[in-house]
Amino acid sequence: MNAKRAAAIGAALALISAVGIIWAVPSVDDFSLENPYWNGMSSAAAGLGISARDPGAEPDPAGTVLIIAGPDEPFSAGRVSEIASFLGSGGVVVLMDDFGEGNSLLEGLGVPVRINGSTLLDPLFMEKARQYPVVSALGAAGGARVTMDYASALEIMPGAAQKGARVLLESSAFSYLDVDVDGDHTAGEPLGPFPVAAEVPYGKGRFVVVSDSSILINSVYGISGGNAEFVRSIAGNREIVIDYGNNAASPYGSLRSGVLSAVGAVGEYPELRYLLAVAGAWAIFAADPIRLFHRRAAGGSGLFAGESQEVRKVAEAHPGWDLSLIRRTWEERARCGSSAPIRAAGLGNKPAEAAFGRRPGVDEGQSK
(Lines give C-alpha, C1' and ligand atoms only; values in the text may rest on other atoms or scores of the structure.)
Protein backbone atom coordinates (compact mmCIF):
# COMPACT_ATOMS: atom_id res chain seq x y z
CA MET A 1 0.00 0.00 0.00
CA ASN A 2 1.56 3.30 -1.05
CA ALA A 3 1.81 6.29 1.26
CA LYS A 4 -0.97 8.31 -0.40
CA ARG A 5 -3.38 5.40 -0.22
CA ALA A 6 -2.51 4.73 3.39
CA ALA A 7 -2.94 8.42 4.26
CA ALA A 8 -6.36 8.55 2.57
CA ILE A 9 -7.57 5.45 4.40
CA GLY A 10 -6.17 6.75 7.68
CA ALA A 11 -7.98 10.07 7.21
CA ALA A 12 -11.25 8.28 6.42
CA LEU A 13 -10.96 6.07 9.49
CA ALA A 14 -10.08 9.09 11.65
CA LEU A 15 -13.16 10.93 10.35
CA ILE A 16 -15.41 7.96 11.10
CA SER A 17 -13.93 7.68 14.61
CA ALA A 18 -14.41 11.42 15.23
CA VAL A 19 -18.05 11.28 14.13
CA GLY A 20 -18.61 8.27 16.39
CA ILE A 21 -17.12 10.07 19.40
CA ILE A 22 -19.15 13.23 18.76
CA TRP A 23 -22.28 11.11 18.38
CA ALA A 24 -21.65 9.32 21.69
CA VAL A 25 -20.48 12.24 23.87
CA PRO A 26 -23.34 14.59 24.84
CA SER A 27 -23.16 18.36 24.89
CA VAL A 28 -22.17 19.99 28.19
CA ASP A 29 -23.74 23.35 27.35
CA ASP A 30 -25.85 25.11 29.98
CA PHE A 31 -29.54 24.13 29.78
CA SER A 32 -28.88 21.45 27.15
CA LEU A 33 -31.57 18.76 27.22
CA GLU A 34 -28.98 16.04 26.58
CA ASN A 35 -26.46 17.31 29.15
CA PRO A 36 -26.53 14.83 32.11
CA TYR A 37 -24.33 16.98 34.34
CA TRP A 38 -25.30 19.57 36.97
CA ASN A 39 -25.88 22.42 34.48
CA GLY A 40 -27.89 20.40 31.96
CA MET A 41 -31.62 19.71 31.72
CA SER A 42 -31.68 15.99 30.94
CA SER A 43 -33.76 15.17 34.06
CA ALA A 44 -36.38 17.81 33.28
CA ALA A 45 -36.43 16.70 29.65
CA ALA A 46 -37.27 13.16 30.74
CA GLY A 47 -39.68 14.16 33.52
CA LEU A 48 -41.60 16.86 31.67
CA GLY A 49 -41.20 15.64 28.11
CA ILE A 50 -39.34 18.78 27.02
CA SER A 51 -38.03 18.84 23.47
CA ALA A 52 -35.76 21.28 21.62
CA ARG A 53 -37.33 23.60 19.08
CA ASP A 54 -36.55 22.80 15.48
CA PRO A 55 -35.25 26.10 14.00
CA GLY A 56 -36.79 25.20 10.66
CA ALA A 57 -40.29 24.56 12.01
CA GLU A 58 -42.93 26.86 13.46
CA PRO A 59 -44.42 25.61 16.75
CA ASP A 60 -48.20 25.47 17.05
CA PRO A 61 -49.14 28.44 19.31
CA ALA A 62 -52.34 26.78 20.55
CA GLY A 63 -50.57 23.67 21.78
CA THR A 64 -47.06 24.80 22.78
CA VAL A 65 -45.26 26.31 25.76
CA LEU A 66 -42.01 27.90 24.61
CA ILE A 67 -39.27 28.08 27.27
CA ILE A 68 -36.41 30.57 26.91
CA ALA A 69 -33.82 29.78 29.61
CA GLY A 70 -30.76 31.88 30.40
CA PRO A 71 -30.50 33.91 27.18
CA ASP A 72 -27.05 35.46 26.78
CA GLU A 73 -27.47 37.15 23.40
CA PRO A 74 -29.61 40.28 22.81
CA PHE A 75 -33.05 39.92 21.25
CA SER A 76 -33.14 41.55 17.84
CA ALA A 77 -36.20 43.38 16.55
CA GLY A 78 -36.96 40.44 14.27
CA ARG A 79 -36.71 37.98 17.13
CA VAL A 80 -39.00 40.10 19.32
CA SER A 81 -41.51 40.29 16.47
CA GLU A 82 -41.41 36.51 16.05
CA ILE A 83 -42.13 35.91 19.75
CA ALA A 84 -44.87 38.58 19.77
CA SER A 85 -46.56 36.83 16.84
CA PHE A 86 -46.41 33.49 18.67
CA LEU A 87 -47.95 35.04 21.79
CA GLY A 88 -50.58 36.92 19.82
CA SER A 89 -51.75 33.67 18.23
CA GLY A 90 -52.34 32.01 21.60
CA GLY A 91 -48.87 30.74 22.51
CA VAL A 92 -47.35 30.61 26.00
CA VAL A 93 -43.79 31.83 26.53
CA VAL A 94 -41.83 31.24 29.75
CA LEU A 95 -38.74 33.41 30.15
CA MET A 96 -36.36 32.03 32.82
CA ASP A 97 -33.55 34.50 33.45
CA ASP A 98 -31.66 36.21 36.24
CA PHE A 99 -28.60 38.12 35.00
CA GLY A 100 -28.81 37.67 31.22
CA GLU A 101 -30.54 39.38 28.34
CA GLY A 102 -34.10 38.81 29.53
CA ASN A 103 -34.90 42.48 30.04
CA SER A 104 -34.17 43.22 26.37
CA LEU A 105 -37.04 40.88 25.45
CA LEU A 106 -39.35 42.32 28.11
CA GLU A 107 -38.67 45.85 26.89
CA GLY A 108 -39.14 44.87 23.26
CA LEU A 109 -42.50 43.27 23.98
CA GLY A 110 -43.63 46.04 26.32
CA VAL A 111 -44.25 43.58 29.17
CA PRO A 112 -44.60 45.59 32.45
CA VAL A 113 -42.14 43.42 34.39
CA ARG A 114 -38.35 43.64 34.78
CA ILE A 115 -35.68 41.43 36.29
CA ASN A 116 -33.90 43.24 39.14
CA GLY A 117 -30.45 41.72 38.59
CA SER A 118 -29.35 41.56 42.25
CA THR A 119 -28.94 38.14 43.86
CA LEU A 120 -31.82 36.90 46.02
CA LEU A 121 -30.70 35.26 49.28
CA ASP A 122 -32.71 33.66 52.07
CA PRO A 123 -31.07 32.57 55.35
CA LEU A 124 -34.13 30.65 56.57
CA PHE A 125 -36.24 29.31 53.71
CA MET A 126 -33.47 27.78 51.67
CA GLU A 127 -31.96 24.50 50.46
CA LYS A 128 -28.47 23.87 51.93
CA ALA A 129 -27.36 27.49 51.54
CA ARG A 130 -28.92 30.96 51.34
CA GLN A 131 -28.07 31.12 47.62
CA TYR A 132 -30.75 28.43 47.07
CA PRO A 133 -33.95 30.10 48.32
CA VAL A 134 -37.16 28.09 48.52
CA VAL A 135 -40.14 30.14 47.32
CA SER A 136 -43.88 29.59 47.50
CA ALA A 137 -46.33 29.33 44.63
CA LEU A 138 -49.50 31.43 44.68
CA GLY A 139 -52.77 31.25 42.78
CA ALA A 140 -53.35 28.24 40.56
CA ALA A 141 -49.97 26.76 41.50
CA GLY A 142 -50.56 27.37 45.23
CA GLY A 143 -48.88 24.89 47.57
CA ALA A 144 -45.86 24.14 45.37
CA ARG A 145 -42.46 24.84 46.92
CA VAL A 146 -39.96 25.81 44.24
CA THR A 147 -36.20 25.70 44.81
CA MET A 148 -34.18 28.40 43.08
CA ASP A 149 -30.45 28.71 42.37
CA TYR A 150 -28.66 32.09 42.51
CA ALA A 151 -31.92 33.75 41.51
CA SER A 152 -32.92 37.39 41.33
CA ALA A 153 -36.26 39.12 41.91
CA LEU A 154 -38.87 40.77 39.69
CA GLU A 155 -39.91 44.41 39.59
CA ILE A 156 -43.60 44.79 38.76
CA MET A 157 -44.06 48.13 37.00
CA PRO A 158 -46.91 50.58 37.72
CA GLY A 159 -50.10 49.71 35.87
CA ALA A 160 -49.16 46.04 35.50
CA ALA A 161 -52.16 44.89 37.53
CA GLN A 162 -54.50 46.78 35.20
CA LYS A 163 -52.98 44.80 32.32
CA GLY A 164 -53.81 41.53 34.08
CA ALA A 165 -50.36 40.77 35.53
CA ARG A 166 -50.33 38.45 38.55
CA VAL A 167 -47.60 37.01 40.77
CA LEU A 168 -47.08 33.24 40.60
CA LEU A 169 -44.10 32.73 42.93
CA GLU A 170 -43.01 34.76 45.94
CA SER A 171 -39.97 34.58 48.26
CA SER A 172 -40.25 34.61 52.05
CA ALA A 173 -40.24 37.66 54.33
CA PHE A 174 -36.73 36.67 55.45
CA SER A 175 -35.26 36.98 51.96
CA TYR A 176 -33.23 39.97 50.83
CA LEU A 177 -31.41 41.31 47.78
CA ASP A 178 -27.62 41.21 48.12
CA VAL A 179 -26.98 44.54 46.41
CA ASP A 180 -23.36 44.89 47.62
CA VAL A 181 -22.58 41.21 46.82
CA ASP A 182 -21.06 40.47 50.25
CA GLY A 183 -23.32 37.50 51.00
CA ASP A 184 -24.85 39.12 54.09
CA HIS A 185 -27.74 41.45 54.71
CA THR A 186 -26.47 45.00 55.01
CA ALA A 187 -28.48 47.94 56.30
CA GLY A 188 -30.44 49.45 53.45
CA GLU A 189 -30.61 46.29 51.32
CA PRO A 190 -34.24 45.49 50.34
CA LEU A 191 -36.06 42.87 52.40
CA GLY A 192 -38.65 40.38 51.11
CA PRO A 193 -41.02 39.09 50.22
CA PHE A 194 -40.28 39.55 46.51
CA PRO A 195 -42.14 38.36 43.42
CA VAL A 196 -39.95 35.87 41.54
CA ALA A 197 -42.44 34.69 38.91
CA ALA A 198 -45.28 36.58 37.25
CA GLU A 199 -47.71 36.05 34.39
CA VAL A 200 -48.92 38.72 31.98
CA PRO A 201 -51.62 38.26 29.29
CA TYR A 202 -50.34 39.04 25.80
CA GLY A 203 -52.73 38.98 22.85
CA LYS A 204 -54.41 35.57 22.92
CA GLY A 205 -51.47 34.08 24.80
CA ARG A 206 -49.60 34.38 28.09
CA PHE A 207 -46.10 35.56 28.98
CA VAL A 208 -44.52 34.13 32.16
CA VAL A 209 -41.35 35.64 33.67
CA VAL A 210 -39.26 33.70 36.22
CA SER A 211 -36.29 35.51 37.79
CA ASP A 212 -34.11 32.38 37.76
CA SER A 213 -32.71 30.56 34.75
CA SER A 214 -31.89 27.41 36.74
CA ILE A 215 -35.10 25.97 38.18
CA LEU A 216 -34.98 23.11 35.64
CA ILE A 217 -31.26 22.25 35.65
CA ASN A 218 -30.27 18.82 36.97
CA SER A 219 -28.73 20.04 40.24
CA VAL A 220 -31.97 21.80 41.26
CA TYR A 221 -34.83 20.06 39.44
CA GLY A 222 -34.71 16.84 41.45
CA ILE A 223 -34.48 18.38 44.95
CA SER A 224 -38.24 18.24 45.29
CA GLY A 225 -41.24 17.81 43.07
CA GLY A 226 -42.19 21.48 43.39
CA ASN A 227 -40.23 22.71 40.37
CA ALA A 228 -41.85 20.19 38.05
CA GLU A 229 -45.28 20.88 39.58
CA PHE A 230 -44.90 24.60 38.95
CA VAL A 231 -43.98 24.14 35.28
CA ARG A 232 -46.85 21.68 34.78
CA SER A 233 -49.28 24.21 36.26
CA ILE A 234 -48.23 26.64 33.51
CA ALA A 235 -48.12 24.15 30.65
CA GLY A 236 -51.30 22.20 31.28
CA ASN A 237 -51.73 19.81 28.34
CA ARG A 238 -49.45 21.77 26.03
CA GLU A 239 -46.20 20.46 24.58
CA ILE A 240 -43.14 21.99 26.28
CA VAL A 241 -40.43 23.15 23.87
CA ILE A 242 -37.18 24.94 24.71
CA ASP A 243 -35.91 27.64 22.37
CA TYR A 244 -32.12 28.21 22.16
CA GLY A 245 -32.38 31.09 19.69
CA ASN A 246 -30.62 33.52 22.06
CA ASN A 247 -28.25 31.07 23.77
CA ALA A 248 -24.64 31.03 22.60
CA ALA A 249 -23.52 27.45 21.97
CA SER A 250 -20.01 26.26 22.85
CA PRO A 251 -17.70 25.24 19.96
CA TYR A 252 -18.29 21.57 20.78
CA GLY A 253 -22.03 22.13 21.04
CA SER A 254 -22.07 23.76 17.60
CA LEU A 255 -19.96 20.96 16.13
CA ARG A 256 -22.16 18.26 17.64
CA SER A 257 -25.30 19.98 16.41
CA GLY A 258 -23.88 20.07 12.89
CA VAL A 259 -22.87 16.40 13.02
CA LEU A 260 -26.28 15.31 14.31
CA SER A 261 -27.98 17.38 11.60
CA ALA A 262 -25.81 15.73 8.97
CA VAL A 263 -26.55 12.26 10.35
CA GLY A 264 -30.24 13.13 10.43
CA ALA A 265 -30.06 14.21 6.79
CA VAL A 266 -28.52 10.84 5.91
CA GLY A 267 -31.51 9.11 7.45
CA GLU A 268 -33.95 11.41 5.66
CA TYR A 269 -32.49 11.24 2.15
CA PRO A 270 -31.92 7.76 0.60
CA GLU A 271 -29.48 9.21 -1.93
CA LEU A 272 -27.05 10.12 0.86
CA ARG A 273 -27.33 6.64 2.37
CA TYR A 274 -26.44 5.05 -0.97
CA LEU A 275 -23.52 7.44 -1.41
CA LEU A 276 -22.14 6.59 2.03
CA ALA A 277 -22.62 2.88 1.36
CA VAL A 278 -20.56 3.16 -1.84
CA ALA A 279 -17.91 5.19 -0.02
CA GLY A 280 -17.76 2.59 2.77
CA ALA A 281 -17.41 -0.25 0.26
CA TRP A 282 -14.59 1.64 -1.44
CA ALA A 283 -12.84 2.19 1.89
CA ILE A 284 -13.04 -1.53 2.69
CA PHE A 285 -11.74 -2.43 -0.75
CA ALA A 286 -8.94 0.12 -0.52
CA ALA A 287 -7.93 -1.05 2.92
CA ASP A 288 -7.94 -4.69 1.71
CA PRO A 289 -8.33 -6.22 5.18
CA ILE A 290 -7.45 -9.74 3.95
CA ARG A 291 -4.16 -8.49 2.60
CA LEU A 292 -3.49 -6.57 5.80
CA PHE A 293 -4.19 -9.72 7.81
CA HIS A 294 -1.72 -11.73 5.78
CA ARG A 295 0.88 -9.02 6.14
CA ARG A 296 0.50 -9.06 9.91
CA ALA A 297 0.62 -12.85 9.94
CA ALA A 298 3.81 -12.63 7.97
CA GLY A 299 5.42 -10.12 10.26
CA GLY A 300 3.18 -7.09 9.95
CA SER A 301 3.26 -3.99 7.86
CA GLY A 302 6.52 -2.28 8.57
CA LEU A 303 7.61 -5.22 10.75
CA PHE A 304 10.05 -6.77 8.25
CA ALA A 305 12.93 -5.21 10.18
CA GLY A 306 15.90 -7.53 10.13
CA GLU A 307 14.98 -9.09 6.78
CA SER A 308 17.13 -8.53 3.74
CA GLN A 309 15.96 -6.03 1.17
CA GLU A 310 15.13 -8.81 -1.35
CA VAL A 311 13.09 -10.79 1.19
CA ARG A 312 11.21 -7.63 2.25
CA LYS A 313 10.40 -6.69 -1.36
CA VAL A 314 9.06 -10.16 -2.16
CA ALA A 315 7.03 -10.35 1.08
CA GLU A 316 5.45 -6.93 0.49
CA ALA A 317 4.70 -7.72 -3.14
CA HIS A 318 3.16 -11.12 -2.26
CA PRO A 319 1.54 -10.83 1.18
CA GLY A 320 -0.08 -14.26 0.85
CA TRP A 321 3.25 -16.08 0.59
CA ASP A 322 4.88 -17.71 3.58
CA LEU A 323 7.58 -15.37 4.92
CA SER A 324 9.67 -18.24 6.28
CA LEU A 325 9.72 -19.92 2.84
CA ILE A 326 10.73 -16.65 1.17
CA ARG A 327 13.56 -16.21 3.69
CA ARG A 328 14.85 -19.80 3.36
CA THR A 329 14.64 -19.71 -0.41
CA TRP A 330 16.64 -16.50 -0.54
CA GLU A 331 19.24 -17.91 1.86
CA GLU A 332 19.61 -21.05 -0.27
CA ARG A 333 19.99 -18.99 -3.43
CA ALA A 334 22.60 -16.83 -1.70
CA ARG A 335 24.57 -19.93 -0.67
CA CYS A 336 24.49 -21.09 -4.28
CA GLY A 337 25.86 -17.74 -5.42
CA SER A 338 22.69 -16.66 -7.27
CA SER A 339 21.80 -12.95 -7.16
CA ALA A 340 18.77 -13.09 -9.48
CA PRO A 341 15.54 -11.84 -7.87
CA ILE A 342 12.91 -14.32 -6.76
CA ARG A 343 10.13 -14.44 -9.32
CA ALA A 344 7.03 -16.51 -9.91
CA ALA A 345 6.05 -15.36 -13.37
CA GLY A 346 2.58 -16.34 -14.44
CA LEU A 347 1.72 -17.93 -11.09
CA GLY A 348 -0.43 -15.04 -9.79
CA ASN A 349 -1.52 -15.75 -6.23
CA LYS A 350 -0.75 -19.49 -6.20
CA PRO A 351 0.56 -20.91 -2.90
CA ALA A 352 4.16 -20.22 -2.01
CA GLU A 353 5.22 -23.87 -2.32
CA ALA A 354 4.06 -23.91 -5.92
CA ALA A 355 5.92 -20.69 -6.62
CA PHE A 356 9.12 -22.14 -5.27
CA GLY A 357 8.69 -25.60 -6.74
CA ARG A 358 8.55 -27.53 -3.44
CA ARG A 359 6.28 -28.38 -0.57
CA PRO A 360 7.15 -27.28 2.96
CA GLY A 361 7.93 -30.23 5.21
CA VAL A 362 7.93 -32.74 2.35
CA ASP A 363 10.74 -31.52 0.08
CA GLU A 364 12.58 -29.84 2.97
CA GLY A 365 15.38 -32.36 2.91
CA GLN A 366 15.73 -32.26 -0.86
CA SER A 367 16.51 -28.58 -0.99
CA LYS A 368 19.99 -28.99 0.43
# chains A, B, ... in the order shown; residues from 1 in each chain; ligands from 1
$ residues_around --residues "Leu106 (chain A)" --least-positions-apart "6" --cutoff "10 Å" --atoms "only C-alpha atoms" --output "list in words"
Phe75, Val80, Leu95, Pro112, Val113, Arg114, Ile115, Phe207 and Val209 of chain A
$ residues_around --residues "Arg79 (chain A)" --least-positions-apart "2" --cutoff "12 Å" --atoms "only C-alpha atoms" --output "PyMOL selection string"
chain A and resi 73-77+81-86+104-105+108-109+243-246
$ residues_around --residues "Lys128 (chain A)" --least-positions-apart "4" --cutoff "12 Å" --atoms "only C-alpha atoms" --output "number ranges by chain"
A: 121-124, 132-134, 147-149, 220, 223
$ write_last_selection --atoms "N, CA and C atoms" --output "PDB file, in the first residue's frame"
ATOM      1  N   LEU A 121     -31.181  36.186  48.256  1.00  0.00           N
ATOM      2  CA  LEU A 121     -30.701  35.264  49.284  1.00  0.00           C
ATOM      3  C   LEU A 121     -31.767  35.097  50.358  1.00  0.00           C
ATOM      4  N   ASP A 122     -31.762  33.915  50.977  1.00  0.00           N
ATOM      5  CA  ASP A 122     -32.709  33.663  52.071  1.00  0.00           C
ATOM      6  C   ASP A 122     -32.025  32.797  53.122  1.00  0.00           C
ATOM      7  N   PRO A 123     -31.780  33.329  54.324  1.00  0.00           N
ATOM      8  CA  PRO A 123     -31.070  32.571  55.353  1.00  0.00           C
ATOM      9  C   PRO A 123     -31.940  31.546  56.075  1.00  0.00           C
ATOM     10  N   LEU A 124     -33.243  31.575  55.861  1.00  0.00           N
ATOM     11  CA  LEU A 124     -34.135  30.653  56.573  1.00  0.00           C
ATOM     12  C   LEU A 124     -34.816  29.663  55.637  1.00  0.00           C
ATOM     13  N   TYR A 132     -29.741  29.310  47.657  1.00  0.00           N
ATOM     14  CA  TYR A 132     -30.750  28.431  47.072  1.00  0.00           C
ATOM     15  C   TYR A 132     -32.084  28.648  47.797  1.00  0.00           C
ATOM     16  N   PRO A 133     -32.697  29.804  47.606  1.00  0.00           N
ATOM     17  CA  PRO A 133     -33.947  30.100  48.319  1.00  0.00           C
ATOM     18  C   PRO A 133     -35.089  29.189  47.874  1.00  0.00           C
ATOM     19  N   VAL A 134     -35.945  28.853  48.826  1.00  0.00           N
ATOM     20  CA  VAL A 134     -37.159  28.088  48.524  1.00  0.00           C
ATOM     21  C   VAL A 134     -38.320  29.066  48.561  1.00  0.00           C
ATOM     22  N   THR A 147     -37.580  25.405  44.423  1.00  0.00           N
ATOM     23  CA  THR A 147     -36.199  25.696  44.810  1.00  0.00           C
ATOM     24  C   THR A 147     -35.522  26.479  43.692  1.00  0.00           C
ATOM     25  N   MET A 148     -34.858  27.565  44.060  1.00  0.00           N
ATOM     26  CA  MET A 148     -34.176  28.402  43.080  1.00  0.00           C
ATOM     27  C   MET A 148     -32.663  28.327  43.291  1.00  0.00           C
ATOM     28  N   ASP A 149     -31.908  28.844  42.344  1.00  0.00           N
ATOM     29  CA  ASP A 149     -30.449  28.714  42.367  1.00  0.00           C
ATOM     30  C   ASP A 149     -29.819  30.028  41.894  1.00  0.00           C
ATOM     31  N   VAL A 220     -30.881  21.166  40.506  1.00  0.00           N
ATOM     32  CA  VAL A 220     -31.970  21.803  41.259  1.00  0.00           C
ATOM     33  C   VAL A 220     -33.294  21.078  41.042  1.00  0.00           C
ATOM     34  N   ILE A 223     -34.488  18.198  43.496  1.00  0.00           N
ATOM     35  CA  ILE A 223     -34.475  18.383  44.949  1.00  0.00           C
ATOM     36  C   ILE A 223     -35.854  18.091  45.544  1.00  0.00           C
TER      37      ILE A 223
END
